[in-house]
>>> print(open('data01.pdb').read())   # PDB, C-alpha atoms
MODEL        1
ATOM      1  CA  MET E 239     -10.172 -17.027  -2.092
ATOM      2  CA  ILE E 240     -10.877 -13.461  -3.127
ATOM      3  CA  SER E 241     -14.226 -12.224  -1.816
ATOM      4  CA  LYS E 242     -16.690 -10.407  -4.056
ATOM      5  CA  GLU E 243     -16.292  -7.340  -1.844
ATOM      6  CA  LEU E 244     -12.524  -7.344  -2.261
ATOM      7  CA  LEU E 245     -12.734  -7.994  -5.999
ATOM      8  CA  GLU E 246     -14.950  -4.910  -6.351
ATOM      9  CA  ILE E 247     -12.160  -2.625  -5.177
ATOM     10  CA  LEU E 248      -9.148  -4.486  -6.594
ATOM     11  CA  ALA E 249      -7.800  -2.868  -9.762
ATOM     12  CA  CYS E 250      -4.890  -3.298 -12.115
ATOM     13  CA  PRO E 251      -1.915  -1.518 -10.498
ATOM     14  CA  SER E 252      -0.820  -0.342 -13.933
ATOM     15  CA  CYS E 253      -3.931   1.013 -15.686
ATOM     16  CA  LYS E 254      -6.329   0.884 -12.671
ATOM     17  CA  GLY E 255      -8.801  -1.045 -14.823
ATOM     18  CA  ASP E 256     -11.161  -3.771 -13.633
ATOM     19  CA  LEU E 257      -9.872  -7.277 -13.058
ATOM     20  CA  SER E 258     -11.484 -10.604 -13.813
ATOM     21  CA  TYR E 259     -10.858 -13.485 -11.444
ATOM     22  CA  ASP E 260      -9.982 -16.937 -12.786
ATOM     23  CA  THR E 261     -10.559 -19.081  -9.707
ATOM     24  CA  LYS E 262      -9.323 -22.308 -11.342
ATOM     25  CA  LYS E 263      -6.005 -20.856 -12.465
ATOM     26  CA  ALA E 264      -5.743 -18.509  -9.449
ATOM     27  CA  LEU E 265      -5.193 -15.452 -11.616
ATOM     28  CA  LEU E 266      -6.410 -11.871 -11.618
ATOM     29  CA  ILE E 267      -6.550 -10.667 -15.214
ATOM     30  CA  CYS E 268      -6.610  -7.184 -16.712
ATOM     31  CA  HIS E 269      -7.674  -6.829 -20.339
ATOM     32  CA  GLY E 270      -6.657  -3.180 -20.559
ATOM     33  CA  LYS E 271      -4.033  -2.123 -23.109
ATOM     34  CA  HIS E 272      -0.506  -2.287 -21.704
ATOM     35  CA  CYS E 273       2.986  -2.169 -23.101
ATOM     36  CA  PRO E 274       4.215  -5.731 -23.720
ATOM     37  CA  GLU E 275       7.731  -4.654 -22.704
ATOM     38  CA  CYS E 276       7.190  -2.919 -19.361
ATOM     39  CA  GLY E 277       3.502  -3.441 -18.567
ATOM     40  CA  MET E 278       2.662   0.237 -18.243
ATOM     41  CA  PRO E 279      -0.530   1.544 -19.871
ATOM     42  CA  LEU E 280      -0.611   2.610 -23.518
ATOM     43  CA  ASP E 281      -1.978   6.046 -24.353
ATOM     44  CA  ALA E 282      -4.738   6.775 -26.877
ATOM     45  CA  ALA E 283      -2.152   6.909 -29.680
ATOM     46  CA  GLY E 284      -0.925   3.425 -28.733
ATOM     47  CA  ASP E 285       2.400   4.544 -27.242
ATOM     48  CA  CYS E 286       3.759   3.434 -23.895
ATOM     49  CA  THR E 287       3.202   6.030 -21.158
ATOM     50  CA  ARG E 288       6.426   5.185 -19.321
ATOM     51  CA  GLU E 289       9.146   7.717 -19.869
ATOM     52  CA  GLY E 290      12.176   6.006 -21.361
ATOM     53  CA  CYS E 291      10.366   2.929 -22.630
ATOM     54  CA  ASP E 292      11.708   2.021 -26.062
ATOM     55  CA  ALA E 293       8.607   0.206 -27.303
ATOM     56  CA  SER E 294       7.157   2.028 -30.330
ATOM     57  CA  LYS E 295       3.462   1.452 -31.133
ATOM     58  CA  PRO E 296       3.661  -1.970 -29.490
ATOM     59  CA  ARG E 297       1.000  -4.614 -29.814
ATOM     60  CA  PRO E 298      -1.197  -4.137 -26.713
ATOM     61  CA  ALA E 299      -0.849  -6.703 -23.963
ATOM     62  CA  GLY E 300      -3.093  -7.724 -21.109
ATOM     63  CA  LEU E 301      -1.674  -8.549 -17.684
ATOM     64  CA  GLU E 302      -2.127 -11.636 -15.525
ATOM     65  CA  TYR E 303      -1.385 -11.397 -11.819
ATOM     66  CA  ARG E 304      -0.849 -14.693 -10.017
ATOM     67  CA  ILE E 305      -2.236 -15.588  -6.610
ATOM     68  CA  GLU E 306       0.376 -17.416  -4.577
ATOM     69  CA  GLU E 307      -0.653 -19.196  -1.382
ATOM     70  CA  ASP E 308      -3.836 -17.074  -1.386
ATOM     71  CA  ILE E 309      -1.824 -13.826  -1.693
ATOM     72  CA  PRO E 310      -2.416 -11.828  -4.891
ATOM     73  CA  ILE E 311       0.970 -10.704  -6.262
ATOM     74  CA  MET E 312      -0.038  -7.362  -7.763
ATOM     75  CA  LEU E 313       3.365  -6.307  -9.080
ATOM     76  CA  ILE E 314       3.496  -5.008 -12.647
ATOM     77  CA  ASP E 315       6.950  -6.378 -13.386
ATOM     78  CA  GLU E 316       5.913  -9.848 -12.233
ATOM     79  CA  ALA E 317       2.646  -9.919 -14.186
ATOM     80  CA  ARG E 318       2.531 -12.168 -17.244
ATOM     81  CA  LYS E 319       2.000 -10.130 -20.384
ATOM     82  CA  PHE E 320      -0.249 -11.713 -22.991
ATOM     83  CA  PRO E 321      -1.266 -10.397 -26.423
ATOM     84  CA  LEU E 322      -4.794  -9.038 -26.540
ATOM     85  CA  GLN E 323      -7.070 -10.490 -29.215
TER      86      GLN E 323
ATOM     87  CA  MET O  68      11.169  -1.285 -11.537
ATOM     88  CA  SER O  69      13.304  -3.170  -9.069
ATOM     89  CA  HIS O  70      12.226  -3.333  -5.452
ATOM     90  CA  PRO O  71      15.268  -3.274  -3.149
ATOM     91  CA  HIS O  72      13.009  -3.019  -0.095
ATOM     92  CA  ARG O  73      11.154  -6.129  -1.199
ATOM     93  CA  ALA O  74      14.379  -8.131  -1.168
ATOM     94  CA  TYR O  75      15.428  -6.642   2.173
ATOM     95  CA  PHE O  76      12.167  -7.327   4.001
ATOM     96  CA  ASN O  77      11.739 -10.755   2.407
ATOM     97  CA  ALA O  78      15.201 -11.621   3.716
ATOM     98  CA  ILE O  79      14.520 -10.513   7.301
ATOM     99  CA  ALA O  80      10.963 -11.913   7.409
ATOM    100  CA  PRO O  81      11.827 -15.215   9.160
ATOM    101  CA  GLU O  82      13.351 -13.426  12.171
ATOM    102  CA  TRP O  83      11.106 -10.374  12.275
ATOM    103  CA  SER O  84       8.542 -10.430  15.073
ATOM    104  CA  GLY O  85       7.394  -6.838  15.465
ATOM    105  CA  ALA O  86       6.633  -7.708  19.080
ATOM    106  CA  ALA O  87       7.600  -4.314  20.503
ATOM    107  CA  ALA O  88       5.443  -2.494  17.986
ATOM    108  CA  ALA O  89       2.564  -4.861  18.654
ATOM    109  CA  ALA O  90       2.768  -4.174  22.376
ATOM    110  CA  ALA O  91       2.803  -0.429  21.736
ATOM    111  CA  CYS O  92      -0.193  -0.460  19.462
ATOM    112  CA  GLN O  93      -2.301  -2.341  21.984
ATOM    113  CA  GLN O  94      -2.112   0.790  24.128
ATOM    114  CA  LEU O  95      -3.782   2.885  21.476
ATOM    115  CA  GLU O  96      -7.455   2.174  21.387
ATOM    116  CA  ASN O  97      -8.720   4.751  18.996
ATOM    117  CA  LEU O  98      -7.255   5.215  15.542
ATOM    118  CA  GLY O  99     -10.401   7.011  14.439
ATOM    119  CA  ILE O 100     -11.648   3.802  12.874
ATOM    120  CA  GLU O 101     -15.377   3.207  13.099
ATOM    121  CA  PRO O 102     -17.435   0.049  12.701
ATOM    122  CA  GLY O 103     -18.026  -0.688   9.030
ATOM    123  CA  ASP O 104     -15.019   1.306   7.811
ATOM    124  CA  ARG O 105     -12.988   0.220   4.803
ATOM    125  CA  VAL O 106      -9.412   0.231   6.049
ATOM    126  CA  LEU O 107      -6.122  -0.161   4.196
ATOM    127  CA  ASP O 108      -3.149  -1.243   6.323
ATOM    128  CA  LEU O 109      -0.239  -0.109   4.192
ATOM    129  CA  GLY O 110       3.062  -1.844   4.826
ATOM    130  CA  SER O 111       1.267  -4.372   6.977
ATOM    131  CA  GLY O 112       4.151  -6.844   7.401
ATOM    132  CA  LYS O 113       3.056  -9.861   9.396
ATOM    133  CA  GLY O 114      -0.250  -8.270  10.335
ATOM    134  CA  ILE O 115       0.487  -7.013  13.832
ATOM    135  CA  LEU O 116      -2.305  -4.439  13.492
ATOM    136  CA  ALA O 117      -4.810  -6.981  12.198
ATOM    137  CA  PRO O 118      -6.466  -7.831  15.554
ATOM    138  CA  LEU O 119      -6.787  -4.171  16.514
ATOM    139  CA  LEU O 120      -8.132  -3.126  13.108
ATOM    140  CA  ARG O 121     -10.709  -5.913  13.108
ATOM    141  CA  GLN O 122     -11.778  -5.020  16.616
ATOM    142  CA  LEU O 123     -12.290  -1.383  15.611
ATOM    143  CA  ALA O 124     -13.858  -1.907  12.183
ATOM    144  CA  GLY O 125     -15.990  -4.841  13.317
ATOM    145  CA  GLN O 126     -17.059  -7.801  11.237
ATOM    146  CA  GLU O 127     -18.877  -5.471   8.840
ATOM    147  CA  GLY O 128     -15.682  -3.560   8.084
ATOM    148  CA  LEU O 129     -13.472  -4.373   5.110
ATOM    149  CA  ILE O 130      -9.804  -4.529   6.053
ATOM    150  CA  THR O 131      -7.130  -4.988   3.444
ATOM    151  CA  ALA O 132      -3.425  -5.287   4.027
ATOM    152  CA  VAL O 133      -0.627  -4.483   1.602
ATOM    153  CA  ASP O 134       3.082  -5.122   1.725
ATOM    154  CA  ILE O 135       5.814  -5.216  -0.925
ATOM    155  CA  ALA O 136       7.449  -8.211   0.808
ATOM    156  CA  GLU O 137       5.369 -11.335   0.288
ATOM    157  CA  GLN O 138       7.462 -13.276   2.802
ATOM    158  CA  MET O 139       6.253 -10.892   5.492
ATOM    159  CA  LEU O 140       2.648 -11.476   4.424
ATOM    160  CA  LEU O 141       3.198 -15.238   4.373
ATOM    161  CA  GLY O 142       4.711 -15.015   7.864
ATOM    162  CA  GLY O 143       1.451 -13.489   9.093
ATOM    163  CA  LYS O 144      -0.816 -15.759   7.085
ATOM    164  CA  GLU O 145      -2.547 -17.348  10.072
ATOM    165  CA  ARG O 146      -3.084 -14.009  11.783
ATOM    166  CA  TYR O 147      -4.566 -12.472   8.637
ATOM    167  CA  ALA O 148      -6.872 -15.458   8.119
ATOM    168  CA  GLN O 149      -7.968 -15.410  11.758
ATOM    169  CA  HIS O 150      -9.126 -11.819  11.326
ATOM    170  CA  GLY O 151     -10.734 -12.216   7.914
ATOM    171  CA  ILE O 152      -8.100 -10.316   5.948
ATOM    172  CA  VAL O 153      -6.692 -11.218   2.514
ATOM    173  CA  PRO O 154      -3.206  -9.690   2.308
ATOM    174  CA  VAL O 155      -2.007  -8.357  -1.031
ATOM    175  CA  CYS O 156       1.561  -7.982  -2.297
ATOM    176  CA  ALA O 157       1.844  -4.600  -4.007
ATOM    177  CA  ASP O 158       3.990  -1.508  -4.482
ATOM    178  CA  VAL O 159       2.614   1.642  -2.841
ATOM    179  CA  SER O 160       3.605   3.635  -5.950
ATOM    180  CA  PHE O 161       1.339   1.415  -8.079
ATOM    181  CA  MET O 162      -1.523   0.399  -5.829
ATOM    182  CA  PRO O 163      -4.033  -2.200  -7.030
ATOM    183  CA  TRP O 164      -7.147  -0.427  -5.798
ATOM    184  CA  ALA O 165      -9.917   1.484  -7.474
ATOM    185  CA  ALA O 166     -10.182   5.194  -6.694
ATOM    186  CA  LYS O 167     -12.005   6.194  -3.485
ATOM    187  CA  SER O 168     -12.006   2.646  -2.096
ATOM    188  CA  PHE O 169     -11.092   3.401   1.521
ATOM    189  CA  ASP O 170     -12.274   5.375   4.541
ATOM    190  CA  LYS O 171      -8.949   5.036   6.351
ATOM    191  CA  VAL O 172      -5.357   4.355   5.340
ATOM    192  CA  ILE O 173      -2.914   3.428   8.115
ATOM    193  CA  CYS O 174       0.859   3.631   7.570
ATOM    194  CA  PHE O 175       2.319   2.184  10.743
ATOM    195  CA  SER O 176       6.139   2.146  10.864
ATOM    196  CA  THR O 177       6.251   2.187   7.075
ATOM    197  CA  PHE O 178       6.473   5.629   5.536
ATOM    198  CA  PRO O 179      10.304   6.016   5.458
ATOM    199  CA  HIS O 180      10.529   2.805   3.440
ATOM    200  CA  PHE O 181       8.528   4.231   0.533
ATOM    201  CA  ARG O 182      11.046   4.785  -2.260
ATOM    202  CA  ALA O 183       8.991   7.611  -3.825
ATOM    203  CA  PRO O 184       7.083   9.322  -0.976
ATOM    204  CA  GLN O 185       5.362  11.889  -3.193
ATOM    205  CA  THR O 186       4.124   9.196  -5.584
ATOM    206  CA  ALA O 187       2.963   7.171  -2.596
ATOM    207  CA  LEU O 188       0.998  10.132  -1.234
ATOM    208  CA  ARG O 189      -0.644  10.667  -4.620
ATOM    209  CA  GLU O 190      -1.676   7.023  -4.695
ATOM    210  CA  ILE O 191      -2.991   7.180  -1.118
ATOM    211  CA  HIS O 192      -4.940  10.312  -2.043
ATOM    212  CA  ARG O 193      -6.410   8.488  -5.039
ATOM    213  CA  VAL O 194      -7.604   5.445  -3.092
ATOM    214  CA  LEU O 195      -9.065   7.438  -0.176
ATOM    215  CA  ARG O 196     -12.618   8.650  -0.483
ATOM    216  CA  PRO O 197     -13.040  12.432  -0.144
ATOM    217  CA  GLY O 198     -12.968  13.119   3.581
ATOM    218  CA  GLY O 199     -11.137   9.821   4.214
ATOM    219  CA  MET O 200      -8.268   9.793   6.693
ATOM    220  CA  LEU O 201      -4.594   8.915   6.417
ATOM    221  CA  LEU O 202      -2.576   8.179   9.540
ATOM    222  CA  ILE O 203       1.223   8.060   9.472
ATOM    223  CA  TRP O 204       2.305   6.632  12.781
ATOM    224  CA  HIS O 205       5.517   5.570  14.526
ATOM    225  CA  THR O 206       6.263   4.691  18.120
ATOM    226  CA  CYS O 207       9.187   7.104  18.251
ATOM    227  CA  GLY O 208      10.090  10.501  16.860
ATOM    228  CA  SER O 209      11.724  11.085  13.478
ATOM    229  CA  ALA O 210      15.184  11.816  14.941
ATOM    230  CA  GLN O 211      15.125   8.585  16.964
ATOM    231  CA  LEU O 212      13.928   6.555  13.984
ATOM    232  CA  ASN O 213      16.460   8.034  11.581
ATOM    233  CA  GLU O 214      19.261   7.301  14.075
ATOM    234  CA  PHE O 215      17.997   3.736  14.391
ATOM    235  CA  HIS O 216      17.887   3.234  10.615
ATOM    236  CA  ALA O 217      21.394   4.679  10.223
ATOM    237  CA  ARG O 218      22.728   1.946  12.531
ATOM    238  CA  LEU O 219      21.280  -0.800  10.315
ATOM    239  CA  SER O 220      22.893  -2.239   7.236
ATOM    240  CA  GLY O 221      21.289  -2.614   3.837
ATOM    241  CA  ILE O 222      18.788  -0.475   1.970
ATOM    242  CA  VAL O 223      16.973   0.771   5.098
ATOM    243  CA  ALA O 224      20.098   2.513   6.437
ATOM    244  CA  SER O 225      19.313   5.515   4.263
ATOM    245  CA  ASP O 226      15.525   5.433   4.801
ATOM    246  CA  HIS O 227      14.491   8.765   6.227
ATOM    247  CA  LEU O 228      11.385   9.926   8.072
ATOM    248  CA  PRO O 229      10.876  13.678   7.653
ATOM    249  CA  SER O 230       9.969  15.705  10.727
ATOM    250  CA  SER O 231       6.229  15.755  11.355
ATOM    251  CA  THR O 232       6.030  19.402  10.306
ATOM    252  CA  SER O 233       7.872  18.696   7.022
ATOM    253  CA  LEU O 234       5.551  15.774   6.375
ATOM    254  CA  ALA O 235       2.548  17.989   7.116
ATOM    255  CA  GLU O 236       3.736  20.424   4.421
ATOM    256  CA  LEU O 237       4.192  17.570   1.952
ATOM    257  CA  LEU O 238       0.680  16.327   2.717
ATOM    258  CA  ILE O 239      -0.836  19.755   2.149
ATOM    259  CA  THR O 240       0.860  20.114  -1.249
ATOM    260  CA  ASN O 241      -0.597  16.733  -2.182
ATOM    261  CA  GLY O 242      -4.220  17.585  -1.482
ATOM    262  CA  PHE O 243      -4.550  16.655   2.193
ATOM    263  CA  GLU O 244      -5.753  18.665   5.144
ATOM    264  CA  VAL O 245      -3.625  17.945   8.213
ATOM    265  CA  VAL O 246      -5.833  17.409  11.267
ATOM    266  CA  GLN O 247      -3.293  16.135  13.837
ATOM    267  CA  CYS O 248       0.459  16.582  13.956
ATOM    268  CA  ARG O 249       2.168  15.323  17.113
ATOM    269  CA  GLU O 250       5.760  14.331  17.593
ATOM    270  CA  HIS O 251       7.966  13.611  20.611
ATOM    271  CA  PRO O 252      10.676  10.995  21.240
ATOM    272  CA  ALA O 253       8.060   8.286  21.900
ATOM    273  CA  LEU O 254       5.476   9.109  19.238
ATOM    274  CA  TYR O 255       5.071  10.326  15.664
ATOM    275  CA  TRP O 256       1.431  10.823  14.733
ATOM    276  CA  VAL O 257       0.323  12.736  11.643
ATOM    277  CA  ALA O 258      -3.310  12.397  10.639
ATOM    278  CA  ALA O 259      -4.581  14.021   7.463
ATOM    279  CA  LYS O 260      -7.872  14.117   5.672
ATOM    280  CA  ARG O 261      -8.285  13.865   1.922
ATOM    281  CA  ALA O 262      -9.791  17.246   1.154
ATOM    282  CA  ALA O 263     -13.310  16.930  -0.225
ATOM    283  CA  ALA O 264     -12.350  19.298  -3.036
ATOM    284  CA  THR O 265      -8.865  20.194  -4.199
ATOM    285  CA  LYS O 266      -9.733  23.653  -5.469
ATOM    286  CA  GLY O 267      -6.781  25.949  -5.063
ATOM    287  CA  ILE O 268      -4.342  23.102  -4.471
ATOM    288  CA  LEU O 269      -1.944  22.261  -7.224
ATOM    289  CA  ILE O 270      -1.227  18.555  -7.400
ATOM    290  CA  LEU O 271       1.891  18.046  -9.477
TER     291      LEU O 271
ENDMDL
END
>>> encode(input="data01.pdb", output="structure tokens")
Amino acid sequence: MISKELLEILACPSCKGDLSYDTKKALLICHGKHCPECGMPLDAAGDCTREGCDASKPRPAGLEYRIEEDIPIMLIDEARKFPLQ
Amino acid sequence: MSHPHRAYFNAIAPEWSGAAAAAACQQLENLGIEPGDRVLDLGSGKGILAPLLRQLAGQEGLITAVDIAEQMLLGGKERYAQHGIVPVCADVSFMPWAAKSFDKVICFSTFPHFRAPQTALREIHRVLRPGGMLLIWHTCGSAQLNEFHARLSGIVASDHLPSSTSLAELLITNGFEVVQCREHPALYWVAAKRAAATKGILIL
């Protein structure tokens, strides 16, 4: 269980944005705009900020980080990318 | 973004005890941690520092522990729970913490395993509050540790700890003020403060 105090300082490792905590699904979710290919943040123009990423003006994705046996797995390449509404 | 160290430390987690390091750290009573501090144990493994950190920071302190190898964290699950710590699996180059979250960051027997030391230092600088302290600590000198790593197989064989004076220079170029720099064959201890202002320091 993630405490309120810990949740206050936890951030998305990619964009450093706030996370919401889905206790039922055991997920930490970032609704910031990320590249659906590599998970790195998109810039203001909508391009991926990672050098060498081939994605061009990709549809922004949010990131879901799973919590496994009470351990948040805050790794960008293991986060599930989901299309933002 | 592959993590060769993650695979290495996950693989050795079942046999790794850290007993010698645990015994050594019990001799060191003061890491500069005060009751109520927010402390990040970076590269925390199975949580051998957890009892000491909790003792120093008290129940009012917030201690968080990070390691790239989740099998190490799972191996210390009971110890972490006993001391009120939720361990987090993360990469030091992409830390999952808001800026200025911590008073102290402890890197015990970890720094040479960071694949991008400069990026790691930038991230540590970001998550420390201005005036917050970073401690990079080993129970032997850099020459002894580098010789030890060279005898191992796998990814850690090439992991290198710079001399304490070289590390001090790297810290200064990354916006830290070095407050302690001690090294001999039985200790490596570099403590640095996040400068309150970075005026005049170029952070690349």
>>> interface_residues(input="data01.pdb", of="chain E", to="chain O", cutoff="6 Å", atoms="only C-alpha atoms", output="list in words")
Ile247, Leu248, Ala249, Cys250, Pro251, Ile309, Pro310, Ile311, Met312 and Leu313 of chain E
>>> resolve_selection(input="data01.pdb", expression="the PyMOL selection byres ((chain O and resi 262) around 10)", output="ChimeraX atom specification")
/O:192,195-200,239,241-245,259-261,263-266,268
>>> resolve_selection(input="data01.pdb", expression="the PyMOL selection byres ((chain E and resi 293-302) around 7)", output="ChimeraX atom specification")
/E:265-275,284-286,291-292,303-304,317-322
>>> write_last_selection(input="data01.pdb", atoms="C-alpha atoms", output="PDB file, keeping the file's coordinate frame")
ATOM      1  CA  LEU E 265      -5.193 -15.452 -11.616  1.00  0.00           C
ATOM      2  CA  LEU E 266      -6.410 -11.871 -11.618  1.00  0.00           C
ATOM      3  CA  ILE E 267      -6.550 -10.667 -15.214  1.00  0.00           C
ATOM      4  CA  CYS E 268      -6.610  -7.184 -16.712  1.00  0.00           C
ATOM      5  CA  HIS E 269      -7.674  -6.829 -20.339  1.00  0.00           C
ATOM      6  CA  GLY E 270      -6.657  -3.180 -20.559  1.00  0.00           C
ATOM      7  CA  LYS E 271      -4.033  -2.123 -23.109  1.00  0.00           C
ATOM      8  CA  HIS E 272      -0.506  -2.287 -21.704  1.00  0.00           C
ATOM      9  CA  CYS E 273       2.986  -2.169 -23.101  1.00  0.00           C
ATOM     10  CA  PRO E 274       4.215  -5.731 -23.720  1.00  0.00           C
ATOM     11  CA  GLU E 275       7.731  -4.654 -22.704  1.00  0.00           C
ATOM     12  CA  GLY E 284      -0.925   3.425 -28.733  1.00  0.00           C
ATOM     13  CA  ASP E 285       2.400   4.544 -27.242  1.00  0.00           C
ATOM     14  CA  CYS E 286       3.759   3.434 -23.895  1.00  0.00           C
ATOM     15  CA  CYS E 291      10.366   2.929 -22.630  1.00  0.00           C
ATOM     16  CA  ASP E 292      11.708   2.021 -26.062  1.00  0.00           C
ATOM     17  CA  TYR E 303      -1.385 -11.397 -11.819  1.00  0.00           C
ATOM     18  CA  ARG E 304      -0.849 -14.693 -10.017  1.00  0.00           C
ATOM     19  CA  ALA E 317       2.646  -9.919 -14.186  1.00  0.00           C
ATOM     20  CA  ARG E 318       2.531 -12.168 -17.244  1.00  0.00           C
ATOM     21  CA  LYS E 319       2.000 -10.130 -20.384  1.00  0.00           C
ATOM     22  CA  PHE E 320      -0.249 -11.713 -22.991  1.00  0.00           C
ATOM     23  CA  PRO E 321      -1.266 -10.397 -26.423  1.00  0.00           C
ATOM     24  CA  LEU E 322      -4.794  -9.038 -26.540  1.00  0.00           C
TER      25      LEU E 322
END
>>> atom_distance(input="data01.pdb", atom1="CA of Leu237 in chain O", atom2="CA of His205 in chain O")
17.4 Å
>>> resolve_selection(input="data01.pdb", expression="the PyMOL selection byres ((chain O and resi 250-255) around 12)", output="ChimeraX atom specification")
/O:88,91-92,95,174-178,202-214,228-235,247-249,256-258
>>> build_atoms(input="data01.pdb", residues="range 201-214 of chain O", atoms="N, CA and C atoms", output="PDB file, keeping the file's coordinate frame")
ATOM      1  N   LEU O 201      -5.896   9.583   6.465  1.00  0.00           N
ATOM      2  CA  LEU O 201      -4.594   8.915   6.417  1.00  0.00           C
ATOM      3  C   LEU O 201      -3.900   9.129   7.758  1.00  0.00           C
ATOM      4  N   LEU O 202      -3.368   8.054   8.317  1.00  0.00           N
ATOM      5  CA  LEU O 202      -2.576   8.179   9.540  1.00  0.00           C
ATOM      6  C   LEU O 202      -1.175   7.652   9.282  1.00  0.00           C
ATOM      7  N   ILE O 203      -0.182   8.481   9.550  1.00  0.00           N
ATOM      8  CA  ILE O 203       1.223   8.060   9.472  1.00  0.00           C
ATOM      9  C   ILE O 203       1.748   8.043  10.896  1.00  0.00           C
ATOM     10  N   TRP O 204       2.135   6.868  11.345  1.00  0.00           N
ATOM     11  CA  TRP O 204       2.305   6.632  12.781  1.00  0.00           C
ATOM     12  C   TRP O 204       3.576   5.824  13.057  1.00  0.00           C
ATOM     13  N   HIS O 205       4.345   6.304  14.031  1.00  0.00           N
ATOM     14  CA  HIS O 205       5.517   5.570  14.526  1.00  0.00           C
ATOM     15  C   HIS O 205       5.521   5.640  16.045  1.00  0.00           C
ATOM     16  N   THR O 206       6.207   4.697  16.651  1.00  0.00           N
ATOM     17  CA  THR O 206       6.263   4.691  18.120  1.00  0.00           C
ATOM     18  C   THR O 206       7.520   5.385  18.634  1.00  0.00           C
ATOM     19  N   CYS O 207       8.097   6.229  17.795  1.00  0.00           N
ATOM     20  CA  CYS O 207       9.187   7.104  18.251  1.00  0.00           C
ATOM     21  C   CYS O 207       9.197   8.323  17.335  1.00  0.00           C
ATOM     22  N   GLY O 208      10.002   9.308  17.680  1.00  0.00           N
ATOM     23  CA  GLY O 208      10.090  10.501  16.860  1.00  0.00           C
ATOM     24  C   GLY O 208      10.970  10.276  15.633  1.00  0.00           C
ATOM     25  N   SER O 209      10.965  11.247  14.722  1.00  0.00           N
ATOM     26  CA  SER O 209      11.724  11.085  13.478  1.00  0.00           C
ATOM     27  C   SER O 209      13.229  11.025  13.736  1.00  0.00           C
ATOM     28  N   ALA O 210      13.737  11.828  14.665  1.00  0.00           N
ATOM     29  CA  ALA O 210      15.184  11.816  14.941  1.00  0.00           C
ATOM     30  C   ALA O 210      15.608  10.445  15.462  1.00  0.00           C
ATOM     31  N   GLN O 211      14.804   9.902  16.392  1.00  0.00           N
ATOM     32  CA  GLN O 211      15.125   8.585  16.964  1.00  0.00           C
ATOM     33  C   GLN O 211      15.075   7.506  15.873  1.00  0.00           C
ATOM     34  N   LEU O 212      14.061   7.578  15.017  1.00  0.00           N
ATOM     35  CA  LEU O 212      13.928   6.555  13.984  1.00  0.00           C
ATOM     36  C   LEU O 212      15.054   6.652  12.953  1.00  0.00           C
ATOM     37  N   ASN O 213      15.394   7.873  12.568  1.00  0.00           N
ATOM     38  CA  ASN O 213      16.460   8.034  11.581  1.00  0.00           C
ATOM     39  C   ASN O 213      17.817   7.565  12.140  1.00  0.00           C
ATOM     40  N   GLU O 214      18.029   7.810  13.437  1.00  0.00           N
ATOM     41  CA  GLU O 214      19.261   7.301  14.075  1.00  0.00           C
ATOM     42  C   GLU O 214      19.272   5.772  14.085  1.00  0.00           C
TER      43      GLU O 214
END
